[in-house]
Amino acid sequence: MIGQQRIRIGVSSCLLGAEVRFDGRHKRDPFISEVLGRHFEFLPICPEVGAGMGVPREPVNLVRFQDGSIHAVGVENSGLNVTGSIRAYSDCVMPELASLRGYLLKSRSPSCGLRDVPVHAENGRVQIGTGTGLFADSLLSHYPLLPVEQESGLVSPASREHFIERIFAYDRWLALVESRPTLTRLIDFHTRHKLQILSHHQLIYRRLGRLVAETASTVGLDEVLQSYGSQLTIALAHPASRNDQVNVMQHLLGYLKPVLDHDAKQEFLLALDVYKAGKTPLCVPLDLIRHHFSCHPHPFVECQVYLYPEQQESLLRGSI
Ligand code: SF4
């Protein structure tokens with residue numbers, strides 16, 4: 001985040017309490033409104049209202065036509081097809097979303113749903129599969145690196161923390177890209193994010209290391225940035241399991257081996273075991289190892305976003 005400016009994220013309007021659903025109601029989500037709302041600036045959008053469908057309105061379903069194309073068709077009136085209006089509105093609004101660092105969508109909506117939206121057969125009400133809402137589909141193709149989630153994917157504390165982590169990482173990445181960085185600054189970015197990337201995806205961690213260390217000298221920086229950005233996004237979208245977190249913390253423990261006494265090491269290993277067994281949250285072993293590094297600072301460790309996220313991110317993740 002730059003200065004005190006709040007990070008902007010897009011949100012389906014009904015999740016913030018706007019009465020814009022087909023039946024004139026809302027789907028206010030307290031976690032989004034009250035917790036995320038204290039830290040992020042929201043851009044609320046209702047694609048169906050934006051497409052001129054009005055409130056209240058005839059509800060629509062996703063329907064797969066015989067040619068394989070997906071349409072938004074009236075639930076009661078199958079002659080109503082609003083696909084063109086929703087797609088036209090989506091195309092029109094997409095350029096305005098370039099400043100967003102994340103997007104929260106309403107699940108199961110034929111416009112906003114990110115995944116698992118029921119898709120029906122052309123002639124009937126039979127569900128034949130699942131898909132993505134029309135607006136969400138446009139959002140994903142215009143902004144493939146943008147962290148996007150739906151509210152049903154933010155039920156557990158771990159999933160909430162993961163989404164927040166992705167938003168802040170994307171913000172830092174765009175800040176770097178928009179500053180027209182040198183290779184040295186890309187290497188610095190990579191160094192600070194090494195353990196965070198490792199916690200999410202070991203294969204991409206190794207791939208990005210090679211990209212920065214070897215490929216960057218043989219191909220243009222723009223190409224490296226493009227490749228790095230997409231690999232970083234894929235890595236961070238992958239949830240970090242407890243085993244992944246333990247792996248990173250064992251790696252961190254390696255830096256403390258020369259200075260930590262036997263009892264302190266055993267205490268930390270026990271904290272890792274308890275965390276791995278699912279009996280404590282991640283913050284328990286993290287706080288313990290941060291304490292050890294405050295007594296025994298290490299230059300590589302103290303620049304790691306994994307252990308020391310910026311203050312806003314830390315506050316938000318701590319309030320979940
Ligand atoms: S799910 Fe999307 S289209 Fe439906 S009411 Fe909410 S914001 Fe509007």
# chains A, B, ... in the order shown; residues from 1 in each chain; ligands from 1
call {"tool": "closest_atom_pairs", "arguments": {"of": "chain A", "to": "ligand 1", "cutoff": "10 Å", "atoms": "only C-alpha atoms and all ligand atoms", "output": "JSON lines"}}
result
{"residue": "A:Val11", "atom": "CA", "partner": "ligand 1", "partner_atom_place_in_ligand_line": "7 (S)", "distance": 7.7}
{"residue": "A:Ser12", "atom": "CA", "partner": "ligand 1", "partner_atom_place_in_ligand_line": "7 (S)", "distance": 3.9}
{"residue": "A:Ser13", "atom": "CA", "partner": "ligand 1", "partner_atom_place_in_ligand_line": "7 (S)", "distance": 4.5}
{"residue": "A:Cys14", "atom": "CA", "partner": "ligand 1", "partner_atom_place_in_ligand_line": "6 (Fe)", "distance": 4.3}
{"residue": "A:Leu15", "atom": "CA", "partner": "ligand 1", "partner_atom_place_in_ligand_line": "6 (Fe)", "distance": 6.7}
{"residue": "A:Leu16", "atom": "CA", "partner": "ligand 1", "partner_atom_place_in_ligand_line": "7 (S)", "distance": 9.1}
{"residue": "A:Gly17", "atom": "CA", "partner": "ligand 1", "partner_atom_place_in_ligand_line": "6 (Fe)", "distance": 9.5}
{"residue": "A:Ala18", "atom": "CA", "partner": "ligand 1", "partner_atom_place_in_ligand_line": "5 (S)", "distance": 8.3}
{"residue": "A:Glu19", "atom": "CA", "partner": "ligand 1", "partner_atom_place_in_ligand_line": "5 (S)", "distance": 7.7}
{"residue": "A:Val20", "atom": "CA", "partner": "ligand 1", "partner_atom_place_in_ligand_line": "5 (S)", "distance": 4.9}
{"residue": "A:Arg21", "atom": "CA", "partner": "ligand 1", "partner_atom_place_in_ligand_line": "5 (S)", "distance": 3.6}
{"residue": "A:Phe22", "atom": "CA", "partner": "ligand 1", "partner_atom_place_in_ligand_line": "5 (S)", "distance": 6.4}
{"residue": "A:Asp23", "atom": "CA", "partner": "ligand 1", "partner_atom_place_in_ligand_line": "5 (S)", "distance": 8.9}
{"residue": "A:Gly24", "atom": "CA", "partner": "ligand 1", "partner_atom_place_in_ligand_line": "5 (S)", "distance": 8.5}
{"residue": "A:Arg25", "atom": "CA", "partner": "ligand 1", "partner_atom_place_in_ligand_line": "5 (S)", "distance": 8.2}
{"residue": "A:His26", "atom": "CA", "partner": "ligand 1", "partner_atom_place_in_ligand_line": "5 (S)", "distance": 7.1}
{"residue": "A:Lys27", "atom": "CA", "partner": "ligand 1", "partner_atom_place_in_ligand_line": "6 (Fe)", "distance": 7.4}
{"residue": "A:Arg28", "atom": "CA", "partner": "ligand 1", "partner_atom_place_in_ligand_line": "6 (Fe)", "distance": 9.6}
{"residue": "A:Pro44", "atom": "CA", "partner": "ligand 1", "partner_atom_place_in_ligand_line": "7 (S)", "distance": 7.9}
{"residue": "A:Ile45", "atom": "CA", "partner": "ligand 1", "partner_atom_place_in_ligand_line": "7 (S)", "distance": 5.9}
{"residue": "A:Cys46", "atom": "CA", "partner": "ligand 1", "partner_atom_place_in_ligand_line": "7 (S)", "distance": 3.6}
{"residue": "A:Pro47", "atom": "CA", "partner": "ligand 1", "partner_atom_place_in_ligand_line": "3 (S)", "distance": 5.0}
{"residue": "A:Glu48", "atom": "CA", "partner": "ligand 1", "partner_atom_place_in_ligand_line": "3 (S)", "distance": 4.6}
{"residue": "A:Val49", "atom": "CA", "partner": "ligand 1", "partner_atom_place_in_ligand_line": "8 (Fe)", "distance": 6.4}
{"residue": "A:Gly50", "atom": "CA", "partner": "ligand 1", "partner_atom_place_in_ligand_line": "8 (Fe)", "distance": 8.5}
{"residue": "A:Ala51", "atom": "CA", "partner": "ligand 1", "partner_atom_place_in_ligand_line": "3 (S)", "distance": 9.3}
{"residue": "A:Met53", "atom": "CA", "partner": "ligand 1", "partner_atom_place_in_ligand_line": "3 (S)", "distance": 9.6}
{"residue": "A:Val55", "atom": "CA", "partner": "ligand 1", "partner_atom_place_in_ligand_line": "5 (S)", "distance": 9.1}
{"residue": "A:Pro56", "atom": "CA", "partner": "ligand 1", "partner_atom_place_in_ligand_line": "5 (S)", "distance": 9.9}
{"residue": "A:Pro59", "atom": "CA", "partner": "ligand 1", "partner_atom_place_in_ligand_line": "4 (Fe)", "distance": 9.2}
{"residue": "A:Val60", "atom": "CA", "partner": "ligand 1", "partner_atom_place_in_ligand_line": "4 (Fe)", "distance": 9.7}
{"residue": "A:Ile86", "atom": "CA", "partner": "ligand 1", "partner_atom_place_in_ligand_line": "3 (S)", "distance": 9.2}
{"residue": "A:Leu105", "atom": "CA", "partner": "ligand 1", "partner_atom_place_in_ligand_line": "2 (Fe)", "distance": 7.1}
{"residue": "A:Lys106", "atom": "CA", "partner": "ligand 1", "partner_atom_place_in_ligand_line": "1 (S)", "distance": 4.8}
{"residue": "A:Ser107", "atom": "CA", "partner": "ligand 1", "partner_atom_place_in_ligand_line": "1 (S)", "distance": 7.1}
{"residue": "A:Arg108", "atom": "CA", "partner": "ligand 1", "partner_atom_place_in_ligand_line": "1 (S)", "distance": 7.7}
{"residue": "A:Ser109", "atom": "CA", "partner": "ligand 1", "partner_atom_place_in_ligand_line": "1 (S)", "distance": 4.9}
{"residue": "A:Pro110", "atom": "CA", "partner": "ligand 1", "partner_atom_place_in_ligand_line": "3 (S)", "distance": 7.4}
{"residue": "A:Ser111", "atom": "CA", "partner": "ligand 1", "partner_atom_place_in_ligand_line": "3 (S)", "distance": 5.2}
{"residue": "A:Cys112", "atom": "CA", "partner": "ligand 1", "partner_atom_place_in_ligand_line": "2 (Fe)", "distance": 4.6}
{"residue": "A:Gly113", "atom": "CA", "partner": "ligand 1", "partner_atom_place_in_ligand_line": "1 (S)", "distance": 7.1}
{"residue": "A:Gly133", "atom": "CA", "partner": "ligand 1", "partner_atom_place_in_ligand_line": "2 (Fe)", "distance": 8.9}
{"residue": "A:Leu134", "atom": "CA", "partner": "ligand 1", "partner_atom_place_in_ligand_line": "3 (S)", "distance": 9.6}
{"residue": "A:Phe135", "atom": "CA", "partner": "ligand 1", "partner_atom_place_in_ligand_line": "2 (Fe)", "distance": 8.3}
{"residue": "A:Ala136", "atom": "CA", "partner": "ligand 1", "partner_atom_place_in_ligand_line": "2 (Fe)", "distance": 9.2}
call {"tool": "residues_around", "arguments": {"residues": "A:Asp91", "least_positions_apart": "4", "cutoff": "8 Å", "atoms": "only C-alpha atoms", "output": "number ranges by chain"}}
result
A: 87, 95, 138
call {"tool": "closest_atom_pairs", "arguments": {"of": "stretch 272-305 of chain A", "to": "stretch 152-163 of chain A", "cutoff": "12 Å", "atoms": "only C-alpha atoms", "output": "tab-separated table"}}
result
residue	atom	partner	partner_atom	distance
A:Gly278	CA	A:Ala158	CA	11.8
A:Pro281	CA	A:Ala158	CA	9.0
A:Leu282	CA	A:Ala158	CA	9.1
A:Cys283	CA	A:Ala158	CA	11.2
call {"tool": "atom_distance", "arguments": {"atom1": "atom CA of A:Ser33", "atom2": "atom CA of A:Gly54"}}
result
23.8 Å
call {"tool": "atom_distance", "arguments": {"atom1": "atom CA of A:Phe300", "atom2": "atom CA of A:Val259"}}
result
15.7 Å
call {"tool": "atom_distance", "arguments": {"atom1": "atom CA of A:Tyr255", "atom2": "atom CA of A:Arg242"}}
result
20.5 Å
call {"tool": "select_by_dssp", "arguments": {"residues": "stretch 37-180 of chain A", "states": "helix (DSSP H, G or I)", "output": "PyMOL selection string"}}
result
chain A and resi 37-38+47-50+83-97+134-142+151-153+157-178
call {"tool": "closest_residue", "arguments": {"among": "A:Thr191, A:His292, A:Gly37, A:Leu183", "to": "A:Gly220", "atoms": "only C-alpha atoms"}}
result
A:Leu183
call {"tool": "residues_around", "arguments": {"residues": "A:Glu313", "least_positions_apart": "2", "cutoff": "12 Å", "atoms": "only C-alpha atoms", "output": "PyMOL selection string"}}
result
chain A and resi 1+6-7+36+38-40+161-169+171-172+305-311+315-320
